[in-house]
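Text of my_file-v9.cif (mmCIF, N, CA, C and O atoms) as supplied:
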```
data_target
loop_
_atom_site.label_atom_id
_atom_site.label_comp_id
_atom_site.auth_asym_id
_atom_site.auth_seq_id
_atom_site.Cartn_x
_atom_site.Cartn_y
_atom_site.Cartn_z
N MET A 1 106.64 86.24 112.14
CA MET A 1 105.63 86.24 111.10
C MET A 1 106.26 85.87 109.76
O MET A 1 105.64 85.15 109.00
N ILE A 2 107.45 86.37 109.50
CA ILE A 2 108.12 86.06 108.24
C ILE A 2 108.31 84.55 108.10
O ILE A 2 108.09 83.98 107.03
N ARG A 3 108.68 83.90 109.18
CA ARG A 3 108.86 82.44 109.14
C ARG A 3 107.53 81.74 108.86
O ARG A 3 107.47 80.79 108.07
N GLU A 4 106.45 82.22 109.47
CA GLU A 4 105.13 81.62 109.23
C GLU A 4 104.72 81.77 107.77
O GLU A 4 104.18 80.85 107.17
N VAL A 5 104.95 82.94 107.20
CA VAL A 5 104.61 83.18 105.80
C VAL A 5 105.47 82.28 104.90
O VAL A 5 104.98 81.66 103.96
N ARG A 6 106.75 82.22 105.20
CA ARG A 6 107.66 81.40 104.40
C ARG A 6 107.25 79.93 104.43
O ARG A 6 107.34 79.24 103.42
N ASN A 7 106.76 79.46 105.56
CA ASN A 7 106.40 78.05 105.72
C ASN A 7 104.93 77.76 105.44
O ASN A 7 104.50 76.61 105.55
N ALA A 8 104.17 78.76 105.05
CA ALA A 8 102.74 78.58 104.82
C ALA A 8 102.49 77.62 103.65
O ALA A 8 103.16 77.68 102.63
N ASP A 9 101.54 76.74 103.83
CA ASP A 9 101.15 75.79 102.78
C ASP A 9 100.07 76.45 101.92
O ASP A 9 98.88 76.26 102.15
N THR A 10 100.48 77.23 100.96
CA THR A 10 99.54 77.98 100.13
C THR A 10 98.86 77.11 99.08
O THR A 10 97.90 77.55 98.45
N ILE A 11 99.31 75.89 98.92
CA ILE A 11 98.71 74.99 97.94
C ILE A 11 97.45 74.33 98.50
O ILE A 11 96.49 74.09 97.77
N ASN A 12 97.43 74.04 99.77
CA ASN A 12 96.33 73.26 100.35
C ASN A 12 95.37 74.07 101.22
O ASN A 12 94.78 73.53 102.14
N ILE A 13 95.19 75.33 100.91
CA ILE A 13 94.19 76.13 101.62
C ILE A 13 92.83 75.79 101.01
O ILE A 13 92.66 75.83 99.80
N ASN A 14 91.87 75.45 101.86
CA ASN A 14 90.57 75.07 101.30
C ASN A 14 89.75 76.30 100.92
O ASN A 14 90.01 77.42 101.38
N SER A 15 88.76 76.08 100.10
CA SER A 15 87.93 77.16 99.57
C SER A 15 87.20 77.92 100.67
O SER A 15 87.08 79.14 100.63
N LYS A 16 86.72 77.21 101.68
CA LYS A 16 85.99 77.85 102.78
C LYS A 16 86.90 78.84 103.52
O LYS A 16 86.49 79.96 103.83
N THR A 17 88.12 78.44 103.77
CA THR A 17 89.07 79.32 104.44
C THR A 17 89.39 80.53 103.57
O THR A 17 89.44 81.67 104.05
N SER A 18 89.59 80.30 102.29
CA SER A 18 89.89 81.40 101.36
C SER A 18 88.76 82.41 101.34
O SER A 18 88.99 83.62 101.40
N GLN A 19 87.53 81.93 101.26
CA GLN A 19 86.38 82.83 101.25
C GLN A 19 86.29 83.62 102.56
O GLN A 19 85.99 84.81 102.56
N ARG A 20 86.56 82.95 103.68
CA ARG A 20 86.52 83.62 104.99
C ARG A 20 87.56 84.73 105.08
O ARG A 20 87.28 85.83 105.56
N VAL A 21 88.75 84.45 104.59
CA VAL A 21 89.82 85.45 104.61
C VAL A 21 89.45 86.64 103.74
O VAL A 21 89.60 87.80 104.16
N LEU A 22 88.98 86.39 102.54
CA LEU A 22 88.59 87.50 101.66
C LEU A 22 87.46 88.32 102.27
O LEU A 22 87.45 89.55 102.16
N ASN A 23 86.53 87.67 102.93
CA ASN A 23 85.44 88.39 103.59
C ASN A 23 85.98 89.30 104.69
O ASN A 23 85.57 90.46 104.81
N MET A 24 86.90 88.79 105.49
CA MET A 24 87.49 89.61 106.55
C MET A 24 88.28 90.78 105.97
O MET A 24 88.19 91.91 106.47
N GLN A 25 89.05 90.51 104.92
CA GLN A 25 89.88 91.56 104.35
C GLN A 25 89.08 92.61 103.61
O GLN A 25 89.51 93.75 103.49
N SER A 26 87.91 92.25 103.12
CA SER A 26 87.11 93.20 102.35
C SER A 26 86.61 94.36 103.21
O SER A 26 86.16 95.38 102.69
N LYS A 27 86.73 94.23 104.51
CA LYS A 27 86.30 95.28 105.44
C LYS A 27 87.31 96.43 105.51
O LYS A 27 87.02 97.46 106.09
N PHE A 28 88.49 96.22 104.94
CA PHE A 28 89.55 97.21 104.99
C PHE A 28 90.10 97.45 103.59
O PHE A 28 90.19 96.53 102.79
N SER A 29 90.48 98.67 103.32
CA SER A 29 91.13 98.96 102.05
C SER A 29 92.65 98.88 102.23
O SER A 29 93.16 98.96 103.35
N LEU A 30 93.32 98.74 101.12
CA LEU A 30 94.78 98.71 101.16
C LEU A 30 95.32 100.01 101.76
O LEU A 30 96.26 99.99 102.55
N GLU A 31 94.70 101.12 101.44
CA GLU A 31 95.16 102.41 101.98
C GLU A 31 94.98 102.48 103.49
O GLU A 31 95.83 103.03 104.19
N GLN A 32 93.90 101.92 104.01
CA GLN A 32 93.70 101.90 105.46
C GLN A 32 94.81 101.10 106.13
O GLN A 32 95.36 101.52 107.15
N ILE A 33 95.13 99.96 105.57
CA ILE A 33 96.18 99.11 106.13
C ILE A 33 97.53 99.80 106.00
O ILE A 33 98.31 99.84 106.95
N ARG A 34 97.81 100.37 104.83
CA ARG A 34 99.09 101.03 104.60
C ARG A 34 99.30 102.20 105.55
O ARG A 34 100.42 102.48 105.97
N SER A 35 98.22 102.90 105.92
CA SER A 35 98.35 104.04 106.83
C SER A 35 98.82 103.61 108.21
O SER A 35 99.38 104.40 108.96
N VAL A 36 98.61 102.34 108.53
CA VAL A 36 99.05 101.81 109.82
C VAL A 36 100.44 101.22 109.71
O VAL A 36 101.30 101.45 110.55
N SER A 37 100.68 100.44 108.62
CA SER A 37 101.96 99.75 108.50
C SER A 37 102.20 99.29 107.06
O SER A 37 101.36 98.61 106.48
N ASN A 38 103.35 99.65 106.51
CA ASN A 38 103.70 99.18 105.18
C ASN A 38 103.91 97.67 105.17
O ASN A 38 103.57 96.99 104.20
N GLY A 39 104.44 97.12 106.24
CA GLY A 39 104.62 95.68 106.34
C GLY A 39 103.29 94.95 106.35
O GLY A 39 103.13 93.92 105.69
N ALA A 40 102.33 95.48 107.09
CA ALA A 40 101.00 94.88 107.12
C ALA A 40 100.34 94.98 105.75
O ALA A 40 99.65 94.06 105.32
N ALA A 41 100.57 96.07 105.04
CA ALA A 41 100.01 96.24 103.70
C ALA A 41 100.60 95.20 102.73
O ALA A 41 99.87 94.65 101.91
N THR A 42 101.87 94.94 102.85
CA THR A 42 102.50 93.91 102.01
C THR A 42 101.89 92.55 102.30
O THR A 42 101.56 91.79 101.38
N PHE A 43 101.71 92.23 103.57
CA PHE A 43 101.09 90.97 103.96
C PHE A 43 99.65 90.90 103.45
O PHE A 43 99.20 89.87 102.93
N TYR A 44 98.91 91.99 103.54
CA TYR A 44 97.53 92.08 103.08
C TYR A 44 97.44 91.73 101.59
O TYR A 44 96.61 90.92 101.18
N VAL A 45 98.30 92.33 100.79
CA VAL A 45 98.30 92.06 99.35
C VAL A 45 98.68 90.61 99.08
O VAL A 45 98.05 89.93 98.26
N TRP A 46 99.70 90.10 99.76
CA TRP A 46 100.11 88.71 99.58
C TRP A 46 98.95 87.75 99.88
O TRP A 46 98.66 86.83 99.11
N VAL A 47 98.27 87.99 101.00
CA VAL A 47 97.15 87.14 101.38
C VAL A 47 96.03 87.24 100.35
O VAL A 47 95.43 86.22 99.98
N CYS A 48 95.76 88.43 99.84
CA CYS A 48 94.73 88.58 98.81
C CYS A 48 95.04 87.71 97.60
O CYS A 48 94.18 86.96 97.13
N PHE A 49 96.25 87.79 97.11
CA PHE A 49 96.60 87.04 95.92
C PHE A 49 96.64 85.54 96.18
O PHE A 49 96.22 84.75 95.34
N VAL A 50 97.10 85.12 97.33
CA VAL A 50 97.12 83.69 97.66
C VAL A 50 95.70 83.15 97.73
O VAL A 50 95.40 82.10 97.15
N THR A 51 94.81 83.85 98.41
CA THR A 51 93.45 83.35 98.56
C THR A 51 92.68 83.42 97.24
O THR A 51 91.93 82.49 96.93
N ILE A 52 92.87 84.46 96.48
CA ILE A 52 92.20 84.55 95.18
C ILE A 52 92.66 83.43 94.27
O ILE A 52 91.86 82.78 93.60
N HIS A 53 93.94 83.18 94.24
CA HIS A 53 94.47 82.09 93.42
C HIS A 53 93.90 80.76 93.89
O HIS A 53 93.52 79.91 93.09
N GLN A 54 93.80 80.58 95.17
CA GLN A 54 93.39 79.29 95.72
C GLN A 54 91.94 78.97 95.42
O GLN A 54 91.61 77.83 95.18
N ILE A 55 91.05 79.90 95.45
CA ILE A 55 89.64 79.57 95.21
C ILE A 55 89.35 79.42 93.72
O ILE A 55 88.29 78.93 93.36
N SER A 56 90.29 79.80 92.87
CA SER A 56 90.23 79.53 91.43
C SER A 56 88.94 79.99 90.77
O SER A 56 88.36 79.27 89.96
N ILE A 57 88.48 81.19 91.13
CA ILE A 57 87.35 81.80 90.45
C ILE A 57 87.70 83.25 90.15
O ILE A 57 88.60 83.81 90.75
N TYR A 58 86.97 83.82 89.21
CA TYR A 58 87.23 85.22 88.89
C TYR A 58 86.70 86.10 90.01
O TYR A 58 85.56 86.02 90.41
N ILE A 59 87.57 86.94 90.53
CA ILE A 59 87.20 87.92 91.54
C ILE A 59 87.82 89.24 91.11
O ILE A 59 88.99 89.31 90.76
N ASP A 60 87.04 90.27 91.16
CA ASP A 60 87.55 91.58 90.81
C ASP A 60 88.61 91.99 91.83
O ASP A 60 88.33 92.06 93.02
N PHE A 61 89.83 92.26 91.37
CA PHE A 61 90.92 92.58 92.28
C PHE A 61 90.68 93.87 93.06
O PHE A 61 91.36 94.15 94.02
N LYS A 62 89.66 94.62 92.69
CA LYS A 62 89.36 95.85 93.44
C LYS A 62 88.96 95.53 94.88
O LYS A 62 89.09 96.37 95.75
N ILE A 63 88.49 94.31 95.15
CA ILE A 63 88.16 93.92 96.52
C ILE A 63 89.38 94.12 97.41
O ILE A 63 89.28 94.61 98.53
N CYS A 64 90.54 93.74 96.89
CA CYS A 64 91.75 93.83 97.69
C CYS A 64 92.45 95.17 97.56
O CYS A 64 93.13 95.59 98.48
N LEU A 65 92.35 95.79 96.41
CA LEU A 65 93.21 96.94 96.14
C LEU A 65 92.47 98.27 96.10
O LEU A 65 93.00 99.24 95.60
N VAL A 66 91.28 98.32 96.66
CA VAL A 66 90.52 99.57 96.68
C VAL A 66 91.16 100.53 97.67
O VAL A 66 91.60 100.21 98.70
#
```
What would the structure in this file look like if it were written as structure tokens?
Amino acid sequence: MIREVRNADTININSKTSQRVLNMQSKFSLEQIRSVSNGAATFYVWVCFVTIHQISIYIDFKICLV
């Protein structure tokens, strides 16, 4: 997984994919993820910031960090 993250093309993620990812992640809180795995929580936060940056609109960060 680390290799996949390292090689991920975070510049060319399309808006539809970003919205889909945020929709899926909004079903879970950071605390829920952290209770299962600190590594998964780190990945969760990274994905939140990558997708939020990519869609280039204002989104309340509470979606990811509640």
Between atom O of Ser35 (chain A) and atom N of Asp9 (chain A) - distance in Å to one decimal:
28.2 Å
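The nearest approach to Leu30 (chain A) among the residues A:Asn7, A:Thr51, A:Thr42, A:Ser15, with all atoms listed in the file taken into account, belongs to A:Thr42.
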Give as a PyMOL selection string the residues that the PyMOL selection byres (((chain A and resi 5 and name CA) around 12) and name CA) matches when applied to the coordinates above.
chain A and resi 1-4+6-10+42-44+46-47+50
In Å, rounded to a single decimal, give me how far atom C of Arg34 (chain A) is from atom C of Lys16 (chain A).
26.5 Å
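Atom pair atom O of Ala41 (chain A) / atom O of Ser29 (chain A): separated by 8.1 Å.
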